[in-house]
$ cat target25.txt   # compact mmCIF, C-alpha atoms
# COMPACT_ATOMS: atom_id res chain seq x y z
CA MET A 1 9.86 169.91 -37.96
CA ARG A 2 8.30 171.99 -40.73
CA GLN A 3 11.60 173.25 -42.01
CA SER A 4 13.65 173.14 -45.18
CA LEU A 5 15.57 169.95 -45.76
CA VAL A 6 18.76 171.92 -46.35
CA LEU A 7 21.22 170.32 -43.94
CA PHE A 8 24.36 171.72 -42.45
CA GLY A 9 27.28 170.80 -40.22
CA CYS A 10 29.79 167.98 -40.31
CA ALA A 11 30.60 164.84 -38.41
CA PHE A 12 31.37 165.61 -34.80
CA LEU A 13 33.69 163.46 -32.74
CA LEU A 14 32.64 163.57 -29.11
CA GLY A 15 36.19 164.21 -28.05
CA CYS A 16 36.31 167.56 -29.83
CA ALA A 17 33.43 169.05 -27.93
CA SER A 18 32.51 167.18 -24.83
CA THR A 19 35.34 165.08 -23.47
CA PRO A 20 39.09 164.90 -23.77
CA LYS A 21 40.62 163.02 -26.67
CA PRO A 22 39.96 159.26 -26.67
CA VAL A 23 43.41 158.56 -25.24
CA PRO A 24 44.47 157.98 -22.59
CA GLU A 25 42.06 155.20 -21.64
CA SER A 26 41.82 156.57 -18.10
CA ASP A 27 39.66 159.48 -19.25
CA ARG A 28 37.00 157.97 -21.45
CA SER A 29 34.60 159.89 -19.24
CA VAL A 30 31.63 159.75 -21.57
CA SER A 31 31.67 156.01 -22.03
CA ALA A 32 32.15 154.94 -18.44
CA SER A 33 30.48 155.66 -15.14
CA VAL A 34 32.24 157.71 -12.53
CA SER A 35 33.30 154.65 -10.57
CA GLU A 36 34.82 152.99 -13.66
CA ARG A 37 37.22 155.79 -14.52
CA ASP A 38 40.78 155.79 -13.31
CA THR A 39 40.92 159.57 -12.96
CA PRO A 40 43.32 161.07 -10.38
CA GLN A 41 41.65 162.05 -7.13
CA TYR A 42 39.89 165.40 -7.11
CA LEU A 43 41.45 168.23 -5.13
CA SER A 44 39.64 169.58 -2.07
CA PRO A 45 38.70 173.28 -2.02
CA SER A 46 41.61 174.03 0.32
CA GLU A 47 44.04 172.14 -1.92
CA VAL A 48 42.84 174.18 -4.88
CA VAL A 49 43.46 177.43 -2.99
CA ALA A 50 46.94 176.27 -1.97
CA LYS A 51 47.85 175.62 -5.60
CA LEU A 52 46.54 179.02 -6.65
CA GLU A 53 48.52 180.76 -3.92
CA ALA A 54 51.72 178.90 -4.84
CA SER A 55 51.39 179.62 -8.55
CA LYS A 56 53.36 182.19 -10.54
CA VAL A 57 50.14 183.08 -12.35
CA LEU A 58 48.32 186.18 -11.10
CA TYR A 59 44.84 185.26 -9.85
CA LYS A 60 42.53 188.17 -9.09
CA VAL A 61 39.26 187.74 -7.17
CA ASP A 62 36.36 190.05 -8.03
CA GLY A 63 32.85 190.15 -6.59
CA ALA A 64 30.17 190.67 -9.21
CA ASP A 65 26.43 190.25 -9.64
CA SER A 66 25.71 187.17 -11.70
CA PRO A 67 23.08 187.15 -14.49
CA PRO A 68 19.63 185.81 -13.50
CA GLY A 69 20.45 182.40 -14.99
CA GLY A 70 24.01 182.29 -13.69
CA TRP A 71 27.21 182.37 -15.72
CA GLY A 72 26.49 179.26 -17.75
CA ASP A 73 26.54 181.08 -21.09
CA GLN A 74 29.96 182.54 -20.31
CA LEU A 75 31.39 179.25 -19.11
CA TRP A 76 29.91 176.92 -21.71
CA PRO A 77 29.02 178.71 -24.95
CA GLN A 78 27.74 176.58 -27.79
CA ARG A 79 30.64 175.51 -30.00
CA VAL A 80 29.03 172.95 -32.27
CA SER A 81 26.07 173.52 -34.59
CA ALA A 82 23.28 170.96 -34.59
CA VAL A 83 22.67 168.83 -37.67
CA GLU A 84 19.10 169.23 -38.90
CA ALA A 85 18.53 165.55 -39.70
CA PRO A 86 21.20 163.59 -37.81
CA TRP A 87 22.63 160.30 -39.02
CA VAL A 88 24.85 158.53 -36.48
CA VAL A 89 27.57 156.29 -37.90
CA GLU A 90 30.56 154.43 -36.46
CA GLU A 91 33.95 155.69 -37.60
CA GLY A 92 37.22 154.64 -36.02
CA GLY A 93 35.45 153.19 -33.00
CA GLN A 94 33.56 156.45 -32.34
CA ARG A 95 29.99 157.50 -33.02
CA VAL A 96 29.94 160.54 -35.28
CA ILE A 97 27.11 162.63 -36.66
CA ARG A 98 26.57 162.95 -40.38
CA GLU A 99 23.81 164.50 -42.42
CA TRP A 100 20.98 162.10 -43.22
CA PRO A 101 21.10 161.49 -47.00
CA VAL A 102 18.21 163.16 -48.80
CA ASP A 103 16.77 161.85 -52.05
CA ALA A 104 16.17 164.75 -54.45
CA SER A 105 12.85 163.36 -55.72
CA VAL A 106 11.61 162.91 -52.16
CA LYS A 107 12.63 166.44 -51.26
CA ALA A 108 10.63 167.72 -54.25
CA LEU A 109 7.52 165.89 -53.02
CA LEU A 110 7.93 167.24 -49.49
CA ASP A 111 8.37 170.76 -50.82
CA GLU A 112 5.25 170.33 -52.94
CA ALA A 113 3.27 169.17 -49.93
CA GLU A 114 4.38 172.01 -47.66
CA PRO A 115 1.93 174.70 -48.93
CA HIS A 116 -0.95 172.24 -48.46
CA PHE A 117 0.18 171.48 -44.93
CA GLN A 118 0.55 175.15 -44.04
CA ALA A 119 -2.95 175.83 -45.44
CA ARG A 120 -4.29 172.96 -43.29
CA ARG A 121 -5.18 170.90 -46.32
CA TYR A 122 -3.87 167.86 -44.52
CA ASP A 123 -5.45 165.26 -46.81
CA GLU A 124 -3.73 166.78 -49.84
CA ALA A 125 -0.43 166.98 -47.99
CA ALA A 126 -0.81 163.38 -46.82
CA LYS A 127 -1.13 162.13 -50.41
CA LEU A 128 2.17 163.71 -51.35
CA TYR A 129 3.86 162.44 -48.19
CA ALA A 130 2.61 158.94 -49.00
CA ARG A 131 4.14 159.22 -52.46
CA ALA A 132 7.40 160.25 -50.77
CA THR A 133 7.47 157.23 -48.46
CA ASP A 134 6.53 154.94 -51.35
CA ALA A 135 9.44 156.33 -53.37
CA CYS A 136 11.84 156.11 -50.42
CA PRO A 137 10.66 153.80 -47.62
CA ASP A 138 13.83 154.52 -45.63
CA CYS A 139 13.46 158.32 -45.65
CA TYR A 140 12.52 158.84 -42.02
CA VAL A 141 11.83 162.56 -42.48
CA ALA A 142 9.05 161.74 -44.95
CA TRP A 143 7.49 159.42 -42.38
CA VAL A 144 7.62 162.21 -39.79
CA PHE A 145 5.87 164.60 -42.16
CA ARG A 146 3.30 161.94 -42.99
CA GLY A 147 2.72 161.53 -39.26
CA ASP A 148 2.27 165.28 -38.90
CA ALA A 149 -0.45 165.31 -41.55
CA ALA A 150 -2.32 162.51 -39.79
CA TYR A 151 -1.86 164.07 -36.36
CA PHE A 152 -3.25 167.45 -37.36
CA ALA A 153 -6.10 165.72 -39.19
CA ASP A 154 -7.06 164.27 -35.77
CA ASP A 155 -5.95 160.75 -36.62
CA ALA A 156 -3.53 160.15 -33.77
CA ALA A 157 -3.47 156.37 -34.26
CA THR A 158 -2.24 156.66 -37.84
CA ALA A 159 0.16 159.43 -36.84
CA LEU A 160 1.64 157.14 -34.19
CA GLU A 161 2.27 154.40 -36.78
CA HIS A 162 4.16 156.86 -38.98
CA TYR A 163 6.15 158.38 -36.13
CA ARG A 164 7.15 154.91 -34.92
CA ARG A 165 8.29 154.02 -38.41
CA ALA A 166 10.43 157.18 -38.34
CA THR A 167 12.05 156.38 -34.98
CA THR A 168 12.71 152.81 -36.10
CA LEU A 169 14.52 154.10 -39.17
CA ASN A 170 16.36 156.79 -37.24
CA PRO A 171 16.18 156.61 -33.42
CA ASN A 172 18.49 159.63 -33.10
CA ASP A 173 16.18 162.49 -34.06
CA HIS A 174 14.65 163.90 -30.88
CA ARG A 175 11.71 165.51 -32.68
CA ALA A 176 10.29 162.22 -33.91
CA TRP A 177 10.22 161.01 -30.29
CA PHE A 178 8.54 164.24 -29.19
CA PHE A 179 5.82 163.90 -31.83
CA GLN A 180 5.40 160.23 -30.94
CA GLY A 181 4.84 161.21 -27.32
CA ASN A 182 2.22 163.76 -28.35
CA ALA A 183 0.33 161.16 -30.41
CA LEU A 184 0.42 158.68 -27.54
CA ALA A 185 -0.89 161.30 -25.13
CA LYS A 186 -3.73 162.08 -27.52
CA LEU A 187 -4.56 158.37 -27.40
CA GLU A 188 -4.41 158.55 -23.57
CA ARG A 189 -1.46 156.14 -23.47
CA TYR A 190 0.35 158.32 -20.98
CA GLN A 191 3.03 155.95 -19.70
CA GLU A 192 4.21 155.26 -23.24
CA ALA A 193 4.06 158.99 -23.96
CA LEU A 194 6.28 159.67 -20.95
CA ASP A 195 8.84 157.20 -22.27
CA ALA A 196 8.88 158.87 -25.70
CA TRP A 197 9.17 162.37 -24.23
CA ALA A 198 12.04 161.18 -22.04
CA TRP A 199 13.92 159.97 -25.12
CA CYS A 200 13.33 163.35 -26.74
CA LEU A 201 15.02 165.07 -23.80
CA VAL A 202 17.83 162.53 -23.66
CA LEU A 203 18.69 163.12 -27.31
CA ASN A 204 18.40 166.92 -27.13
CA PRO A 205 18.48 168.06 -23.48
CA ARG A 206 17.96 171.76 -24.19
CA TYR A 207 15.18 171.37 -26.79
CA PRO A 208 13.01 174.44 -26.09
CA VAL A 209 9.84 173.15 -27.76
CA ILE A 210 9.23 170.34 -25.28
CA ARG A 211 9.80 172.70 -22.35
CA GLN A 212 7.22 175.14 -23.70
CA PHE A 213 4.89 172.22 -24.47
CA PHE A 214 4.63 171.24 -20.81
CA ARG A 215 4.20 174.84 -19.70
CA THR A 216 1.29 175.16 -22.13
CA ASN A 217 -0.24 171.75 -21.36
CA ALA A 218 -0.31 171.81 -17.58
CA HIS A 219 -3.22 169.34 -17.58
CA LEU A 220 -0.71 166.59 -18.36
CA GLY A 221 0.65 166.98 -14.84
CA LEU A 222 4.31 166.99 -15.88
CA VAL A 223 7.02 169.64 -15.81
CA VAL A 224 10.53 169.91 -17.15
CA ARG A 225 12.51 171.14 -14.16
CA GLY A 226 14.90 174.03 -14.47
CA ASP A 227 18.66 173.65 -14.58
CA VAL A 228 20.36 172.27 -11.50
CA ILE A 229 23.81 173.58 -12.49
CA VAL A 230 23.39 177.36 -12.26
CA PRO A 231 26.93 178.69 -11.69
CA ARG A 232 27.32 181.83 -9.58
CA GLY A 233 31.07 181.87 -10.07
CA TYR A 234 33.42 181.55 -13.01
CA ALA A 235 36.95 182.28 -14.17
CA ALA A 236 38.26 184.05 -17.24
CA ARG A 237 41.61 185.16 -18.59
CA GLU A 238 42.50 188.78 -17.88
CA GLY A 239 45.72 189.86 -19.54
CA GLU A 240 48.34 187.34 -18.52
CA GLY A 241 46.45 186.44 -15.35
CA VAL A 242 43.11 184.91 -14.45
CA SER A 243 40.09 186.72 -13.02
CA ILE A 244 37.98 184.78 -10.51
CA GLN A 245 34.40 186.05 -10.46
CA PHE A 246 32.01 185.21 -7.63
CA ASP A 247 28.58 186.55 -6.75
CA PRO A 248 28.71 187.20 -2.97
CA ASN A 249 24.92 187.13 -2.79
CA HIS A 250 24.92 183.39 -3.43
CA ASP A 251 26.15 180.15 -1.93
CA PRO A 252 29.89 180.28 -0.99
CA GLY A 253 30.18 176.91 -2.71
CA TRP A 254 30.27 178.79 -6.00
CA PHE A 255 33.42 180.63 -4.87
CA ALA A 256 35.10 177.25 -4.49
CA PHE A 257 33.78 176.32 -7.94
CA ALA A 258 35.26 179.52 -9.43
CA ASN A 259 38.62 178.83 -7.78
CA CYS A 260 38.64 175.37 -9.30
CA LYS A 261 37.75 176.71 -12.76
CA ALA A 262 40.62 179.21 -12.42
CA LEU A 263 43.00 176.36 -11.62
CA TRP A 264 42.02 174.48 -14.76
CA LEU A 265 42.40 177.65 -16.79
CA GLY A 266 45.67 178.92 -15.36
CA GLU A 267 47.54 175.69 -14.63
CA PRO A 268 47.90 173.48 -17.74
CA SER A 269 49.81 170.94 -15.66
CA HIS A 270 46.69 170.22 -13.61
CA ARG A 271 44.61 169.68 -16.73
CA GLU A 272 47.25 167.31 -18.12
CA LYS A 273 47.44 165.38 -14.85
CA MET A 274 43.68 164.92 -14.75
CA THR A 275 43.01 164.20 -18.42
CA GLY A 276 46.28 163.33 -20.09
CA SER A 277 46.20 166.48 -22.22
CA SER A 278 46.86 170.16 -21.60
CA GLU A 279 44.60 171.14 -24.50
CA GLU A 280 41.71 173.33 -23.39
CA GLN A 281 38.44 171.67 -24.27
CA PHE A 282 35.34 170.62 -22.41
CA THR A 283 35.85 167.61 -20.18
CA SER A 284 33.43 166.12 -17.70
CA VAL A 285 36.36 165.55 -15.33
CA GLU A 286 36.93 169.30 -14.98
CA GLU A 287 33.26 170.05 -14.38
CA MET A 288 32.88 167.23 -11.87
CA GLU A 289 35.95 168.26 -9.90
CA CYS A 290 34.81 171.86 -9.72
CA LEU A 291 31.23 170.94 -8.83
CA ALA A 292 32.60 168.62 -6.14
CA SER A 293 34.39 171.65 -4.66
CA ALA A 294 31.16 173.61 -4.67
CA LEU A 295 29.27 170.77 -2.99
CA ALA A 296 31.97 170.30 -0.34
CA VAL A 297 31.71 173.94 0.74
CA HIS A 298 27.92 173.81 0.50
CA GLU A 299 27.83 170.86 2.88
CA THR A 300 30.23 172.57 5.29
CA GLN A 301 28.02 175.65 5.38
CA LYS A 302 25.02 173.47 6.19
CA ALA A 303 26.88 171.62 8.94
CA GLU A 304 27.86 174.94 10.53
CA GLY A 305 24.27 176.19 10.43
CA LYS A 306 25.04 178.95 7.90
CA LEU A 307 21.86 178.58 5.92
CA ASP A 308 21.03 182.11 4.74
CA ALA A 309 22.83 182.03 1.38
CA LEU A 310 22.57 178.33 0.57
CA ASP A 311 21.67 177.62 -3.04
CA PRO A 312 18.69 175.23 -3.49
CA THR A 313 20.09 174.10 -6.85
CA LEU A 314 23.23 172.88 -5.10
CA GLU A 315 21.02 170.97 -2.69
CA ARG A 316 19.36 169.28 -5.65
CA LEU A 317 22.78 168.59 -7.18
CA LEU A 318 23.92 167.04 -3.91
CA ASP A 319 21.01 164.58 -4.06
CA ILE A 320 21.87 163.77 -7.67
CA THR A 321 25.51 163.21 -6.76
CA GLN A 322 24.61 160.91 -3.89
CA GLU A 323 22.60 158.83 -6.37
CA GLY A 324 25.71 158.46 -8.54
CA LEU A 325 24.32 160.60 -11.36
CA LEU A 326 26.67 163.60 -11.34
CA LEU A 327 28.22 162.61 -14.66
CA GLU A 328 24.76 162.40 -16.20
CA ALA A 329 23.88 165.85 -14.85
CA VAL A 330 27.07 167.31 -16.31
CA LEU A 331 26.46 165.76 -19.74
CA PHE A 332 22.79 166.73 -19.74
CA GLU A 333 23.23 170.34 -18.67
CA VAL A 334 26.79 171.33 -19.52
CA GLY A 335 27.81 169.08 -22.41
CA ALA A 336 24.55 169.80 -24.23
CA ARG A 337 25.13 173.55 -23.98
CA ILE A 338 28.39 173.19 -25.90
CA HIS A 339 27.21 170.49 -28.29
CA PRO A 340 23.38 170.23 -28.51
CA GLN A 341 23.59 166.71 -29.95
CA VAL A 342 26.39 165.42 -27.73
CA VAL A 343 24.26 162.47 -26.57
CA LEU A 344 24.13 161.10 -30.10
CA THR A 345 27.83 160.32 -29.78
CA LEU A 346 27.43 158.37 -26.53
CA ASP A 347 27.09 154.62 -26.16
CA ASP A 348 23.77 152.92 -25.45
CA GLU A 349 24.52 152.22 -21.79
CA LEU A 350 25.14 155.87 -21.00
CA ARG A 351 22.07 156.89 -22.97
CA GLN A 352 20.02 154.59 -20.74
CA ARG A 353 21.57 156.17 -17.64
CA LEU A 354 20.66 159.59 -19.01
CA LYS A 355 17.10 158.40 -19.50
CA LYS A 356 17.02 157.35 -15.85
CA TYR A 357 18.34 160.78 -14.92
CA VAL A 358 15.65 162.49 -17.02
CA LEU A 359 12.80 160.46 -15.52
CA THR A 360 14.11 160.96 -11.98
CA HIS A 361 15.25 164.57 -12.00
CA VAL A 362 14.06 166.39 -15.11
CA LEU A 363 10.69 165.30 -16.52
CA VAL A 364 8.72 164.79 -13.32
CA PRO A 365 5.18 165.11 -11.90
CA ALA A 366 4.24 168.74 -11.34
CA GLY A 367 4.14 168.32 -7.57
CA ARG A 368 7.88 167.56 -7.57
CA ARG A 369 8.96 170.53 -9.66
CA GLY A 370 10.94 172.24 -6.88
CA GLY A 371 14.05 174.17 -7.90
$ encode --input "target25.txt" --output "structure tokens"
Amino acid sequence: MRQSLVLFGCAFLLGCASTPKPVPESDRSVSASVSERDTPQYLSPSEVVAKLEASKVLYKVDGADSPPGGWGDQLWPQRVSAVEAPWVVEEGGQRVIREWPVDASVKALLDEAEPHFQARRYDEAAKLYARATDACPDCYVAWVFRGDAAYFADDAATALEHYRRATTLNPNDHRAWFFQGNALAKLERYQEALDAWAWCLVLNPRYPVIRQFFRTNAHLGLVVRGDVIVPRGYAAREGEGVSIQFDPNHDPGWFAFANCKALWLGEPSHREKMTGSSEEQFTSVEEMECLASALAVHETQKAEGKLDALDPTLERLLDITQEGLLLEAVLFEVGARIHPQVVLTLDDELRQRLKKYVLTHVLVPAGRRGG
């Protein structure tokens, strides 16, 4: 977190980046579990194909080698910039992200301390950080920096106190939870550390630092598992038609997924039926319908004994779906690609479900890493 306090971005309504607009009520997909939504029934893979064949839109199927990590970047590019120091407020019944207000005098003290910190003069830095928290007891960033000085001075207990003060003031900054977990681990309070690290991942699912941390610190016995949604098919506009791309070297389920994505792209009436709006924007309903198509074909292939090209990530996703956590997987892996801080706009109940998802399927003992 040793960065300038210059903040950027604006308030982000969840609807603009991760779900359809708040109305109609039937598609509040980020504030309700799958079973609570009154979404129209998903189409089967064969029903999707029938609609494509009956359409006036030209759909063209092309085989192509997918990138090593799948076509996720093409399907779900980041559209929203992260706010450096997030402040979550309620506006119009929605949680939105603002910039945390920064006191100019506190910023000056933090800037003054930075050269001392970088030169490992942690005691000198700590004095300036203490002056900052005295001047502004509610400035959570100053408490984080004060915790850093204590942590790197090998005083994990004091660091933990400061990090906990920071997360109490602002529970929405993933880095404070990450640092808190590190301090707890240094104190050999591993279960509490696991809880803090889980919150870090919930709040920022694609945070690269925590992933590298567990690769570097294998002695902790934990791993952050790789993505479970690794698409080997996608759809894109091509002229006035739609191109359906599928990697024939992978699970045929991804062909069904690509067909479904093409339907959502080429048939606005289907999008409107499912979400109440024909506007193209990320919606968990679309991703869940298309992933359901992929899983249906995947299961059929298994039942018929066609095992050669089966995708192990789809097998993992099938387990997740059977546990009722498909929505959480979509938000964690897909929604967070588009909006890195999408979880900050979710309600507390769904955040807790995401934490369950993280502790069950993401941050797990090394022996369960799989995938």
$ residues_around --input "target25.txt" --residues "segment 182-188 of chain A" --least-positions-apart "4" --cutoff "6 Å" --atoms "all atoms listed in the file" --output "ChimeraX atom specification"
/A:156,160,193
$ atom_distance --input "target25.txt" --atom1 "atom CA of Gly181 of chain A" --atom2 "atom CA of Leu203 of chain A"
14.0 Å
$ atom_distance --input "target25.txt" --atom1 "atom CA of Asn170 of chain A" --atom2 "atom CA of Val144 of chain A"
10.6 Å
$ atom_distance --input "target25.txt" --atom1 "atom CA of Lys261 of chain A" --atom2 "atom CA of Ser293 of chain A"
10.1 Å
$ residues_around --input "target25.txt" --residues "segment 121-138 of chain A" --least-positions-apart "6" --cutoff "9 Å" --atoms "only C-alpha atoms" --output "list in words"
Asp103, Ser105, Val106, Lys107, Ala108, Leu109, Leu110, Glu112, Ala113, Glu114, Pro115, Phe145, Arg146, Gly147, Asp148, Ala149, Ala150, Phe152, Ala153, Ala166 and Leu169 of chain A
$ closest_residue --input "target25.txt" --among "A:Ala256, A:Met274, A:Met288, A:Ile229" --to "Pro40 of chain A" --atoms "only C-alpha atoms"
A:Met274
$ closest_residue --input "target25.txt" --among "A:Phe179, A:Asn249, A:Ser81, A:His162" --to "Val209 of chain A" --atoms "only C-alpha atoms"
A:Phe179
$ decode --input "target25.txt" --residues "segment 186-208 of chain A" --atoms "N, CA and C atoms" --output "tab-separated table (two decimals), in the first residue's frame"
chain	number	residue	atom	x	y	z
A	186	LYS	N	2.20	-14.16	11.48
A	186	LYS	CA	3.48	-13.97	12.16
A	186	LYS	C	3.35	-14.26	13.64
A	187	LEU	N	2.15	-14.04	14.18
A	187	LEU	CA	1.89	-14.35	15.60
A	187	LEU	C	1.41	-15.79	15.78
A	188	GLU	N	1.44	-16.58	14.69
A	188	GLU	CA	1.02	-17.98	14.68
A	188	GLU	C	-0.46	-18.16	15.05
A	189	ARG	N	-1.26	-17.17	14.71
A	189	ARG	CA	-2.72	-17.25	14.91
A	189	ARG	C	-3.33	-17.55	13.54
A	190	TYR	N	-3.12	-18.77	13.10
A	190	TYR	CA	-3.36	-19.11	11.70
A	190	TYR	C	-4.84	-19.13	11.31
A	191	GLN	N	-5.72	-19.56	12.20
A	191	GLN	CA	-7.13	-19.59	11.84
A	191	GLN	C	-7.67	-18.18	11.64
A	192	GLU	N	-7.25	-17.26	12.51
A	192	GLU	CA	-7.66	-15.87	12.36
A	192	GLU	C	-7.05	-15.27	11.09
A	193	ALA	N	-5.82	-15.67	10.79
A	193	ALA	CA	-5.17	-15.19	9.58
A	193	ALA	C	-5.94	-15.64	8.34
A	194	LEU	N	-6.37	-16.90	8.36
A	194	LEU	CA	-7.14	-17.43	7.23
A	194	LEU	C	-8.41	-16.61	7.01
A	195	ASP	N	-9.07	-16.25	8.09
A	195	ASP	CA	-10.29	-15.46	7.99
A	195	ASP	C	-10.01	-14.09	7.36
A	196	ALA	N	-8.92	-13.45	7.79
A	196	ALA	CA	-8.57	-12.14	7.24
A	196	ALA	C	-8.19	-12.24	5.77
A	197	TRP	N	-7.41	-13.25	5.41
A	197	TRP	CA	-7.03	-13.43	4.00
A	197	TRP	C	-8.26	-13.70	3.13
A	198	ALA	N	-9.22	-14.46	3.70
A	198	ALA	CA	-10.44	-14.73	2.94
A	198	ALA	C	-11.18	-13.43	2.64
A	199	TRP	N	-11.26	-12.53	3.62
A	199	TRP	CA	-11.92	-11.25	3.39
A	199	TRP	C	-11.18	-10.43	2.34
A	200	CYS	N	-9.87	-10.52	2.33
A	200	CYS	CA	-9.09	-9.83	1.29
A	200	CYS	C	-9.52	-10.29	-0.09
A	201	LEU	N	-9.64	-11.60	-0.27
A	201	LEU	CA	-10.03	-12.15	-1.57
A	201	LEU	C	-11.49	-11.85	-1.90
A	202	VAL	N	-12.34	-11.84	-0.90
A	202	VAL	CA	-13.74	-11.50	-1.15
A	202	VAL	C	-13.84	-10.08	-1.72
A	203	LEU	N	-13.12	-9.16	-1.10
A	203	LEU	CA	-13.24	-7.75	-1.47
A	203	LEU	C	-12.52	-7.42	-2.78
A	204	ASN	N	-11.50	-8.20	-3.12
A	204	ASN	CA	-10.79	-7.98	-4.38
A	204	ASN	C	-10.35	-9.34	-4.92
A	205	PRO	N	-11.25	-10.05	-5.60
A	205	PRO	CA	-10.98	-11.44	-5.99
A	205	PRO	C	-9.75	-11.65	-6.86
A	206	ARG	N	-9.34	-10.66	-7.63
A	206	ARG	CA	-8.22	-10.86	-8.54
A	206	ARG	C	-6.95	-10.15	-8.05
A	207	TYR	N	-6.89	-9.85	-6.78
A	207	TYR	CA	-5.73	-9.18	-6.19
A	207	TYR	C	-4.48	-10.03	-6.38
A	208	PRO	N	-3.53	-9.58	-7.21
A	208	PRO	CA	-2.39	-10.43	-7.54
A	208	PRO	C	-1.40	-10.63	-6.39
